[in-house]
file structure32.csv (CSV, C-alpha atoms)
chain,number,residue,atom,x,y,z
A,651,MET,CA,-4.2,19.5,-20.9
A,652,LYS,CA,-1.3,17.1,-20.3
A,653,GLU,CA,-2.0,13.4,-20.6
A,654,ALA,CA,-0.9,10.6,-18.3
A,655,PHE,CA,-1.2,6.8,-18.7
A,656,LEU,CA,-1.2,4.6,-15.6
A,657,ILE,CA,-0.2,1.0,-16.0
A,658,ALA,CA,-1.3,-0.9,-13.0
A,659,LYS,CA,-3.6,-3.8,-11.9
A,660,CYS,CA,-6.6,-1.8,-11.0
A,661,PHE,CA,-9.7,-3.9,-10.2
A,662,ILE,CA,-12.7,-1.6,-10.9
A,663,GLU,CA,-15.8,-2.1,-8.8
A,664,ASN,CA,-13.8,-3.9,-6.0
A,665,GLU,CA,-14.1,-1.7,-2.9
A,666,SER,CA,-12.1,-4.1,-0.7
A,667,ASP,CA,-9.0,-4.2,-2.9
A,668,ASN,CA,-6.4,-2.0,-1.2
A,669,LEU,CA,-4.1,-1.6,-4.3
A,670,THR,CA,-7.1,-0.5,-6.3
A,671,LYS,CA,-7.8,2.2,-3.7
A,672,LYS,CA,-4.1,3.2,-4.1
A,673,PHE,CA,-4.4,3.4,-7.9
A,674,ILE,CA,-7.6,5.4,-7.8
A,675,GLY,CA,-5.9,7.8,-5.4
A,676,GLN,CA,-3.0,8.2,-7.8
A,677,ILE,CA,-5.4,8.8,-10.7
A,678,ASN,CA,-7.3,11.5,-8.7
A,679,ALA,CA,-4.1,13.2,-7.7
A,680,LEU,CA,-2.8,13.4,-11.3
A,681,GLU,CA,-6.1,14.9,-12.3
A,682,LYS,CA,-6.0,17.5,-9.6
A,683,ILE,CA,-2.5,18.6,-10.8
A,684,GLY,CA,-3.7,19.0,-14.3
A,685,TYR,CA,-3.5,15.7,-16.1
A,686,SER,CA,-6.1,13.8,-18.2
A,687,VAL,CA,-5.6,10.2,-17.1
A,688,THR,CA,-6.0,7.0,-19.0
A,689,PHE,CA,-5.5,3.7,-17.1
A,690,THR,CA,-5.7,-0.1,-17.4
A,691,ALA,CA,-8.3,-1.9,-15.4
A,692,PHE,CA,-9.7,-5.4,-14.9
A,693,HIS,CA,-13.3,-6.6,-14.4
A,694,GLY,CA,-15.2,-9.8,-15.1
A,695,GLY,CA,-12.3,-11.6,-16.6
A,696,ASN,CA,-11.5,-8.8,-19.0
A,697,LEU,CA,-8.8,-6.2,-19.5
A,698,TYR,CA,-10.0,-2.6,-20.2
A,699,ILE,CA,-8.6,0.8,-21.0
A,700,ILE,CA,-10.4,3.5,-19.2
A,701,LYS,CA,-10.3,6.9,-20.9
A,702,ASP,CA,-12.5,10.0,-20.3
A,703,GLY,CA,-14.9,7.9,-18.3
A,704,THR,CA,-15.4,5.4,-21.1
A,705,ARG,CA,-14.4,1.7,-21.0
A,706,GLU,CA,-12.9,-0.1,-23.9
A,707,LYS,CA,-12.3,-3.9,-23.8
A,708,LEU,CA,-8.8,-5.0,-24.9
A,709,THR,CA,-8.9,-8.7,-24.3
A,710,GLN,CA,-10.2,-11.5,-22.1
A,711,ILE,CA,-7.6,-12.4,-19.5
A,712,ASP,CA,-7.2,-14.6,-16.5
A,713,TYR,CA,-6.0,-12.2,-13.8
A,714,ASN,CA,-6.5,-14.7,-11.0
A,715,SER,CA,-3.9,-17.2,-12.4
A,716,LYS,CA,-1.8,-19.2,-9.9
A,717,GLY,CA,1.7,-20.5,-10.4
A,718,PHE,CA,4.7,-18.8,-12.0
A,719,LEU,CA,4.1,-20.0,-15.6
A,720,LYS,CA,0.5,-18.9,-15.6
A,721,LYS,CA,1.5,-15.5,-14.2
A,722,LEU,CA,4.1,-15.2,-16.9
A,723,GLN,CA,1.4,-16.0,-19.5
A,724,PHE,CA,-0.8,-13.3,-17.9
A,725,TYR,CA,1.8,-10.6,-18.0
A,726,TRP,CA,2.8,-11.5,-21.6
A,727,LYS,CA,-0.8,-11.1,-22.7
A,728,TYR,CA,-1.4,-8.0,-20.5
A,729,TYR,CA,1.5,-6.0,-22.0
A,730,GLU,CA,0.9,-7.4,-25.5
A,731,ALA,CA,-2.7,-6.0,-25.4
A,732,ILE,CA,-1.6,-2.6,-24.1
A,733,LEU,CA,1.1,-2.4,-26.8
A,734,LYS,CA,-1.3,-3.3,-29.5
A,735,TYR,CA,-3.7,-0.6,-28.3
A,736,ALA,CA,-1.0,2.0,-28.0
A,737,LYS,CA,0.3,1.4,-31.5
A,738,ILE,CA,-3.2,1.4,-33.1
A,739,ASN,CA,-4.1,4.7,-31.4
A,740,PHE,CA,-0.6,6.1,-31.6
A,741,MET,CA,-0.7,6.7,-27.9
A,742,THR,CA,1.9,9.4,-26.9
A,743,PRO,CA,0.9,10.8,-23.5
A,744,ASN,CA,3.2,13.2,-21.7
A,745,LEU,CA,3.7,10.8,-18.9
A,746,VAL,CA,3.6,7.0,-18.3
A,747,TYR,CA,3.5,5.9,-14.7
A,748,ALA,CA,3.9,2.2,-14.2
A,749,ARG,CA,3.9,0.1,-11.1
A,750,ASN,CA,7.0,-2.2,-11.2
A,751,MET,CA,6.6,-4.1,-14.4
A,752,PHE,CA,7.1,-7.9,-14.5
A,753,TYR,CA,9.7,-8.5,-17.2
A,754,THR,CA,8.6,-10.1,-20.5
A,755,PHE,CA,9.7,-9.3,-24.0
A,756,ASN,CA,6.4,-7.5,-24.4
A,757,SER,CA,7.0,-5.2,-21.3
A,758,ARG,CA,10.3,-4.2,-22.9
A,759,LYS,CA,8.6,-3.6,-26.3
A,760,LEU,CA,5.9,-1.5,-24.6
A,761,LEU,CA,8.4,0.7,-22.8
A,762,LYS,CA,10.5,1.0,-25.9
A,763,PHE,CA,7.5,2.2,-27.9
A,764,PHE,CA,6.8,5.0,-25.5
A,765,ASN,CA,10.4,5.9,-25.1
A,766,LYS,CA,10.9,6.1,-28.9
A,767,ASN,CA,7.9,8.5,-29.1
A,768,GLY,CA,9.3,10.9,-26.5
A,769,VAL,CA,7.1,9.9,-23.6
A,770,GLU,CA,8.5,10.3,-20.1
A,771,ILE,CA,8.4,7.1,-18.2
A,772,VAL,CA,8.3,6.8,-14.4
A,773,MET,CA,8.4,3.3,-12.9
A,774,GLU,CA,7.3,2.8,-9.3
A,775,ILE,CA,9.2,0.4,-7.1
A,776,PRO,CA,6.7,-0.3,-4.3
A,777,THR,CA,9.0,-2.1,-1.9
A,778,TYR,CA,12.8,-1.4,-1.7
A,779,PRO,CA,15.0,-3.3,-1.4
A,780,VAL,CA,12.9,-5.5,-3.7
A,781,LYS,CA,14.6,-8.8,-2.8
A,782,SER,CA,14.0,-8.4,0.9
A,783,GLU,CA,10.5,-9.7,0.5
A,784,TYR,CA,11.8,-13.0,-1.0
A,785,LYS,CA,13.9,-14.0,2.0
A,786,SER,CA,10.9,-15.5,3.8
A,787,ILE,CA,9.9,-17.7,0.8
A,788,LYS,CA,10.5,-21.4,1.6
A,789,ASN,CA,10.2,-22.7,-1.9
A,790,LEU,CA,13.7,-22.6,-3.2
A,791,ILE,CA,12.8,-22.8,-6.9
A,792,LEU,CA,10.2,-20.0,-6.6
A,793,LYS,CA,12.7,-17.9,-4.7
A,794,ILE,CA,15.4,-18.3,-7.4
A,795,ILE,CA,12.8,-17.5,-10.1
A,796,LEU,CA,11.8,-14.3,-8.3
A,797,TYR,CA,15.4,-13.2,-7.8
A,798,LEU,CA,16.1,-13.8,-11.6
A,799,GLN,CA,12.9,-11.9,-12.5
A,800,THR,CA,13.9,-8.9,-10.4
A,801,ASP,CA,17.3,-8.9,-12.1
A,802,LEU,CA,15.7,-9.1,-15.5
A,803,GLY,CA,14.1,-5.7,-14.7
A,804,ARG,CA,17.5,-4.2,-15.6
A,805,LEU,CA,16.5,-4.9,-19.3
A,806,ASN,CA,13.6,-2.5,-18.9
A,807,ALA,CA,15.6,0.2,-17.2
A,808,LYS,CA,17.2,1.7,-20.3
A,809,TYR,CA,13.7,3.1,-21.3
A,810,VAL,CA,12.9,4.4,-17.9
A,811,ASP,CA,13.5,8.1,-17.2
A,812,LEU,CA,13.0,7.9,-13.4
A,813,TYR,CA,12.3,5.3,-10.7
A,814,ALA,CA,9.9,6.3,-7.9
A,815,VAL,CA,11.1,4.2,-5.0
A,816,ILE,CA,9.2,3.4,-1.8
A,817,GLY,CA,11.3,2.1,1.1
A,818,GLU,CA,15.0,2.6,2.0
A,819,LYS,CA,16.9,5.6,0.6
A,820,CYS,CA,17.7,5.2,-3.1
A,821,ASN,CA,18.9,7.7,-5.7
A,822,ASN,CA,20.0,5.2,-8.4
A,823,TYR,CA,18.2,2.1,-9.5
A,824,PHE,CA,19.6,-0.1,-12.3
A,825,GLY,CA,21.9,2.8,-13.2
A,826,ARG,CA,18.9,5.2,-13.7
A,827,ASN,CA,17.9,8.2,-11.5
A,828,ALA,CA,15.6,7.4,-8.6
A,829,VAL,CA,13.6,9.6,-6.2
A,830,ASN,CA,12.3,8.4,-2.9
A,831,ILE,CA,8.5,8.8,-2.3
A,832,SER,CA,6.1,7.3,0.2
A,833,ASN,CA,2.8,5.8,-0.4
A,834,GLY,CA,0.2,8.5,-0.5
A,835,ILE,CA,-3.5,8.7,0.2
A,836,ASN,CA,-6.5,10.6,-1.1
A,837,VAL,CA,-7.4,12.5,2.0
A,838,ASP,CA,-10.9,13.4,0.7
A,839,PHE,CA,-11.9,9.7,1.0
A,840,SER,CA,-11.0,9.5,4.7
A,841,PRO,CA,-13.3,11.7,7.0
A,842,ILE,CA,-11.7,12.8,10.2
A,843,LYS,CA,-12.8,10.9,13.4
A,844,SER,CA,-14.6,12.5,16.3
A,845,ASN,CA,-12.4,13.1,19.3
A,846,SER,CA,-14.3,11.4,22.2
A,847,ILE,CA,-12.5,9.9,25.3
A,848,ASN,CA,-13.6,7.0,27.4
A,849,TYR,CA,-11.4,6.8,30.6
A,850,LYS,CA,-12.5,3.3,31.5
A,851,GLU,CA,-12.0,1.6,28.1
A,852,CYS,CA,-9.4,1.8,25.3
A,853,HIS,CA,-10.5,0.5,21.9
A,854,LEU,CA,-7.9,-0.7,19.4
A,855,LEU,CA,-8.6,-0.8,15.7
A,856,ALA,CA,-6.9,-2.9,13.0
A,857,LEU,CA,-8.2,-2.2,9.5
A,858,ALA,CA,-6.8,-4.5,6.7
A,859,THR,CA,-7.3,-7.4,4.4
A,860,MET,CA,-6.1,-9.8,7.0
A,861,CYS,CA,-2.8,-11.5,6.1
A,862,LYS,CA,-0.1,-13.1,8.2
A,863,TRP,CA,2.4,-10.2,7.8
A,864,HIS,CA,0.0,-7.9,9.7
A,865,GLY,CA,1.1,-9.9,12.8
A,866,TYR,CA,-2.1,-9.3,14.8
A,867,GLU,CA,-1.4,-12.4,16.9
A,868,ARG,CA,1.0,-10.0,18.7
A,869,VAL,CA,-1.9,-7.9,19.8
A,870,ILE,CA,-4.1,-10.9,20.8
A,871,GLU,CA,-1.3,-12.5,22.8
A,872,GLY,CA,-0.5,-9.1,24.4
A,873,ILE,CA,-4.1,-8.7,25.5
A,874,ALA,CA,-4.0,-12.2,27.0
A,875,GLU,CA,-1.0,-11.2,29.1
A,876,TYR,CA,-2.6,-8.0,30.1
A,877,TYR,CA,-5.7,-9.7,31.5
A,878,LYS,CA,-3.8,-12.2,33.6
A,879,GLN,CA,-4.3,-9.6,36.3
A,880,LYS,CA,-7.4,-7.6,37.3
A,881,ARG,CA,-7.4,-4.4,35.3
A,882,ASN,CA,-9.1,-1.0,35.7
A,883,ILE,CA,-9.0,-0.1,32.0
A,884,ARG,CA,-10.8,-2.5,29.6
A,885,ILE,CA,-9.0,-3.2,26.3
A,886,ILE,CA,-11.1,-4.2,23.3
A,887,PHE,CA,-9.4,-5.0,19.9
A,888,HIS,CA,-11.6,-4.6,16.8
A,889,LEU,CA,-10.4,-6.4,13.6
A,890,VAL,CA,-12.1,-4.8,10.5
A,891,GLY,CA,-11.7,-6.5,7.1
A,892,ASN,CA,-12.0,-9.7,5.2
A,893,ASP,CA,-9.6,-12.6,5.3
A,894,GLY,CA,-6.7,-12.5,2.9
A,895,ASP,CA,-4.8,-15.7,3.4
A,896,GLY,CA,-6.4,-17.7,6.2
A,897,SER,CA,-4.9,-15.7,9.0
A,898,LEU,CA,-8.3,-14.4,10.1
A,899,ASN,CA,-9.4,-17.9,11.0
A,900,GLU,CA,-6.1,-18.5,12.8
A,901,TRP,CA,-6.5,-15.4,14.9
A,902,ALA,CA,-10.2,-16.4,15.7
A,903,LEU,CA,-9.0,-19.8,16.9
A,904,LEU,CA,-6.2,-18.1,19.0
A,905,THR,CA,-8.8,-15.8,20.5
A,906,LYS,CA,-11.0,-18.7,21.5
A,907,LYS,CA,-8.0,-20.7,22.9
A,908,LEU,CA,-7.0,-17.7,25.1
A,909,CYS,CA,-10.7,-17.1,26.1
A,910,LEU,CA,-10.7,-13.5,24.8
A,911,GLU,CA,-14.0,-13.5,22.9
A,912,ASP,CA,-15.2,-10.5,25.0
A,913,TYR,CA,-12.1,-8.5,24.2
A,914,VAL,CA,-11.2,-9.4,20.6
A,915,VAL,CA,-14.0,-8.6,18.1
A,916,PHE,CA,-14.0,-9.7,14.4
A,917,GLU,CA,-16.1,-7.0,12.7
A,918,GLY,CA,-15.8,-8.2,9.1
A,919,PHE,CA,-15.6,-5.8,6.2
A,920,LEU,CA,-17.1,-2.3,7.0
A,921,LYS,CA,-17.5,0.7,4.8
A,922,GLY,CA,-19.2,4.1,4.7
A,923,ASN,CA,-21.0,5.2,7.9
A,924,GLN,CA,-20.3,1.8,9.6
A,925,LEU,CA,-16.5,2.3,9.1
A,926,ASN,CA,-16.7,5.9,10.2
A,927,LYS,CA,-18.5,5.0,13.4
A,928,MET,CA,-15.8,2.4,14.1
A,929,PHE,CA,-13.1,5.0,13.8
A,930,ASP,CA,-15.1,7.3,16.1
A,931,LEU,CA,-15.3,4.5,18.7
A,932,CYS,CA,-11.6,3.5,18.6
A,933,ASP,CA,-8.8,5.4,20.4
A,934,ILE,CA,-5.7,3.8,18.8
A,935,ALA,CA,-5.1,2.1,15.5
A,936,ILE,CA,-2.8,-0.8,14.8
A,937,ALA,CA,-0.7,-0.9,11.7
A,938,SER,CA,1.1,-4.0,10.3
A,939,LEU,CA,3.2,-5.6,13.1
A,940,GLY,CA,4.6,-8.5,11.1
A,941,GLY,CA,6.9,-6.9,8.5
A,942,TYR,CA,9.7,-9.2,9.7
A,943,LYS,CA,7.8,-12.2,8.2
A,944,LYS,CA,8.5,-10.8,4.8
A,945,GLY,CA,12.0,-9.5,5.6
A,946,LEU,CA,10.6,-5.9,5.6
A,947,TYR,CA,12.1,-3.4,8.0
A,948,TYR,CA,11.4,-0.3,6.0
A,949,ALA,CA,7.9,0.3,4.7
A,950,SER,CA,5.4,2.9,3.6
A,951,ASP,CA,2.2,1.3,4.9
A,952,LEU,CA,-0.9,2.5,3.1
A,953,LYS,CA,-3.1,1.9,6.1
A,954,ILE,CA,-0.9,4.2,8.2
A,955,ARG,CA,-1.7,7.0,5.7
A,956,GLU,CA,-5.4,6.4,6.2
A,957,TYR,CA,-4.9,6.4,10.0
A,958,CYS,CA,-3.2,9.8,9.7
A,959,ALA,CA,-5.9,11.2,7.5
A,960,ARG,CA,-8.6,10.0,9.9
A,961,GLY,CA,-6.7,11.6,12.8
A,962,ILE,CA,-6.2,8.5,14.9
A,963,PRO,CA,-2.9,7.8,16.8
A,964,PHE,CA,-1.4,4.4,15.9
A,965,VAL,CA,1.1,1.7,16.7
A,966,PHE,CA,3.5,0.5,14.0
A,967,SER,CA,6.7,-1.6,13.7
A,968,THR,CA,8.5,-1.0,10.4
A,969,LYS,CA,10.7,2.1,9.9
A,970,ASP,CA,9.1,4.9,8.0
A,971,GLU,CA,11.1,8.2,8.0
A,972,SER,CA,8.2,10.2,6.6
A,973,LEU,CA,6.5,9.9,10.0
A,974,LEU,CA,9.3,11.5,12.0
A,975,PRO,CA,7.6,14.9,12.3
A,976,ILE,CA,4.6,13.3,14.1
A,977,ALA,CA,6.7,11.0,16.4
A,978,GLU,CA,5.0,12.2,19.6
A,979,TYR,CA,1.5,11.1,18.4
A,980,ILE,CA,2.5,7.6,17.2
A,981,MET,CA,4.1,4.5,18.9
A,982,LYS,CA,6.9,2.6,17.3
A,983,ILE,CA,7.5,-1.0,18.6
A,984,SER,CA,9.9,-3.7,17.7
A,985,ASN,CA,9.5,-5.5,14.3
A,986,ASP,CA,9.5,-9.1,15.6
A,987,ASN,CA,7.2,-11.7,17.2
A,988,VAL,CA,7.1,-10.3,20.7
A,989,PRO,CA,3.5,-9.8,22.0
A,990,LEU,CA,2.4,-6.2,22.2
A,991,ASN,CA,2.9,-4.7,25.6
A,992,ILE,CA,-0.6,-3.3,26.4
A,993,GLU,CA,0.7,-1.4,29.5
A,994,ASP,CA,3.1,0.5,27.1
A,995,VAL,CA,0.2,1.2,24.8
A,996,LEU,CA,-1.9,2.6,27.7
A,997,ASN,CA,1.0,4.7,28.9
A,998,PHE,CA,1.4,6.1,25.4
A,999,TYR,CA,-2.4,6.8,25.3
A,1000,SER,CA,-2.4,8.4,28.7
A,1001,LYS,CA,0.1,11.0,27.5
A,1002,ILE,CA,-1.9,12.1,24.5
A,1003,LYS,CA,-5.6,11.4,25.2
A,1004,ASP,CA,-6.4,14.8,26.6
A,1005,ASN,CA,-4.8,16.6,23.7
A,1006,ASN,CA,-7.9,17.5,21.7
A,1007,LYS,CA,-5.8,18.9,18.8
A,1008,ILE,CA,-4.2,15.5,17.9
A,1009,THR,CA,-6.8,14.6,15.3
A,1010,GLU,CA,-6.4,17.9,13.5
A,1011,LYS,CA,-2.6,17.8,13.6
A,1012,LEU,CA,-2.5,14.3,12.2
A,1013,ARG,CA,-5.0,15.3,9.5
A,1014,THR,CA,-3.1,18.4,8.5
A,1015,PHE,CA,0.2,16.4,8.4
A,1016,ALA,CA,-1.5,13.9,6.0
A,1017,ILE,CA,-2.8,16.6,3.7
A,1018,GLU,CA,0.6,18.4,3.6
A,1019,ASN,CA,2.9,15.4,3.4
A,1020,LEU,CA,1.2,12.1,2.7
A,1021,SER,CA,-1.2,12.9,-0.2
A,1022,TRP,CA,-0.6,11.5,-3.6
A,1023,GLU,CA,-0.6,15.0,-4.9
A,1024,THR,CA,2.5,15.7,-2.8
A,1025,GLN,CA,4.2,12.6,-4.0
A,1026,PHE,CA,3.5,13.3,-7.7
A,1027,LYS,CA,4.7,16.9,-7.3
A,1028,LYS,CA,8.0,15.5,-6.0
A,1029,ILE,CA,8.3,13.1,-9.0
A,1030,LEU,CA,7.5,15.9,-11.5
A,1031,LYS,CA,10.0,18.2,-9.9
A,1032,GLU,CA,12.7,15.6,-10.2
A,1033,LEU,CA,11.8,15.0,-13.9
A,1034,GLU,CA,12.0,18.8,-14.5
A,1035,SER,CA,15.3,18.9,-12.8
A,1036,GLN,CA,16.6,16.1,-15.0
A,1037,ASN,CA,15.4,17.8,-18.1
A,1038,ASN,CA,17.1,21.1,-17.1
A,1039,LYS,CA,20.4,19.3,-16.7
A,1040,ASN,CA,20.0,17.5,-20.0
A,1041,PRO,CA,18.3,20.0,-22.4
call {"tool": "encode", "arguments": {"input": "structure32.csv", "output": "structure tokens"}}
result
Amino acid sequence: MKEAFLIAKCFIENESDNLTKKFIGQINALEKIGYSVTFTAFHGGNLYIIKDGTREKLTQIDYNSKGFLKKLQFYWKYYEAILKYAKINFMTPNLVYARNMFYTFNSRKLLKFFNKNGVEIVMEIPTYPVKSEYKSIKNLILKIILYLQTDLGRLNAKYVDLYAVIGEKCNNYFGRNAVNISNGINVDFSPIKSNSINYKECHLLALATMCKWHGYERVIEGIAEYYKQKRNIRIIFHLVGNDGDGSLNEWALLTKKLCLEDYVVFEGFLKGNQLNKMFDLCDIAIASLGGYKKGLYYASDLKIREYCARGIPFVFSTKDESLLPIAEYIMKISNDNVPLNIEDVLNFYSKIKDNNKITEKLRTFAIENLSWETQFKKILKELESQNNKNP
């Protein structure tokens, strides 16, 4: 069996961490296509290597460190511990898949070790263009440091066989071959919703770790505008998830200020049957509507993938070319601070609500196009093509 090593900040036993869900999805996908997967993981202030279901502690490490210098110390120690483990165990998997690595001398040494031993290395760039996210940062010193850190990634590039790029079109990154992928999903973890219709109400769902770039104030302000007149259709907005950066409290205060407590409901973190019931209740989902706050206009939203897998139509704002085949079942709006036009949402909903095949079509599309299996097959096909060109 082929072996793969995933280098990513996976927080085991943390169900609410969205990136951990992504990494677990990647691990499961690699296993389904025939790989035995070893990966790095964090828990209880320690760094572990997980292999064949067993957990080996590498070192104690502060992964909640704040500030650039402490983050630099974290990544130095993180890559140093992995390198030590790899050398002691003469670790030579067929494939190393790493989320964009923070540059330190140790990250370069780690990649050099694998490259020297004939391991194929794929590095994921989760947001491209990378620097677009930095434009909204107000701290000039931090912004300069992040720009420099990104450019230093060029020093890692000589050891990378292929970059897997999420975002705008890209076939070359730091002079190395690149392939465009989208964020994927483990469809098995997302049961399809029931297809019930309520003609007097329309329930909107936002599922996220609530942060400012989700832009849900646009929905709340849009609902306030909608209810300035007497309406026949009742709109209820359900926000499901824990707070990420203080935004949840701000949206709660905005809801109270606009007297919308009956129409905007803060559900908290839900999972399992409670979450499934919420999807069954809701008619339309809301993806991130505040990409502009991070300078993002192209994205591959993980939550959109879950919405597709669940079979629920959704509203989104950033460009995502992978969604073009299902354009008739989704609603694209402007990527700015303009309140959501609820009348437009209801017009969109009225065109699709009687189509009882929508949930199945969205689910099938997710399985065939948005799974991590599909994305990894694309990556492996590109690697094979490179190897055939350079035998």
call {"tool": "closest_residue", "arguments": {"input": "structure32.csv", "among": "A:Gln924, A:Asn985, A:Ser1000, A:Asn1019", "to": "Cys958 of chain A", "atoms": "only C-alpha atoms"}}
result
A:Asn1019
call {"tool": "residues_around", "arguments": {"input": "structure32.csv", "residues": "Leu669 of chain A", "least_positions_apart": "4", "cutoff": "12 Å", "atoms": "all atoms listed in the file", "output": "NGL selection string"}}
result
:A and (658-662 or 664-665 or 673-676 or 691 or 749 or 776 or 833-835 or 858-859 or 951-953)
call {"tool": "residues_around", "arguments": {"input": "structure32.csv", "residues": "Ala937 of chain A", "least_positions_apart": "6", "cutoff": "12 Å", "atoms": "all atoms listed in the file", "output": "ChimeraX atom specification"}}
result
/A:854-860,863-866,868-869,889,949-958,962-970,980-983,985
call {"tool": "atom_distance", "arguments": {"input": "structure32.csv", "atom1": "atom CA of Tyr823 of chain A", "atom2": "atom CA of Glu770 of chain A"}}
result
16.5 Å
call {"tool": "closest_residue", "arguments": {"input": "structure32.csv", "among": "A:Glu867, A:Asn923, A:Val829, A:Tyr725", "to": "Ser897 of chain A", "atoms": "all atoms listed in the file"}}
result
A:Glu867
call {"tool": "residues_around", "arguments": {"input": "structure32.csv", "residues": "Gly922 of chain A", "least_positions_apart": "3", "cutoff": "12 Å", "atoms": "only C-alpha atoms", "output": "list in words"}}
result
Glu665, Phe839, Ser840, Pro841, Phe919, Leu925, Asn926, Lys927, Met928 and Phe929 of chain A
call {"tool": "write_last_selection", "arguments": {"input": "structure32.csv", "atoms": "C-alpha atoms", "output": "mmCIF file, in the frame of the given file"}}
result
data_model
loop_
_atom_site.group_PDB
_atom_site.id
_atom_site.type_symbol
_atom_site.label_atom_id
_atom_site.label_comp_id
_atom_site.auth_asym_id
_atom_site.auth_seq_id
_atom_site.Cartn_x
_atom_site.Cartn_y
_atom_site.Cartn_z
ATOM 1 C CA GLU A 665 -14.100 -1.700 -2.900
ATOM 2 C CA PHE A 839 -11.900 9.700 1.000
ATOM 3 C CA SER A 840 -11.000 9.500 4.700
ATOM 4 C CA PRO A 841 -13.300 11.700 7.000
ATOM 5 C CA PHE A 919 -15.600 -5.800 6.200
ATOM 6 C CA LEU A 925 -16.500 2.300 9.100
ATOM 7 C CA ASN A 926 -16.700 5.900 10.200
ATOM 8 C CA LYS A 927 -18.500 5.000 13.400
ATOM 9 C CA MET A 928 -15.800 2.400 14.100
ATOM 10 C CA PHE A 929 -13.100 5.000 13.800
#
call {"tool": "closest_residue", "arguments": {"input": "structure32.csv", "among": "A:Tyr735, A:Lys1028, A:Ile816, A:Asn678", "to": "Glu706 of chain A", "atoms": "only C-alpha atoms"}}
result
A:Tyr735
call {"tool": "atom_distance", "arguments": {"input": "structure32.csv", "atom1": "atom CA of Phe755 of chain A", "atom2": "atom CA of Leu802 of chain A"}}
result
10.4 Å
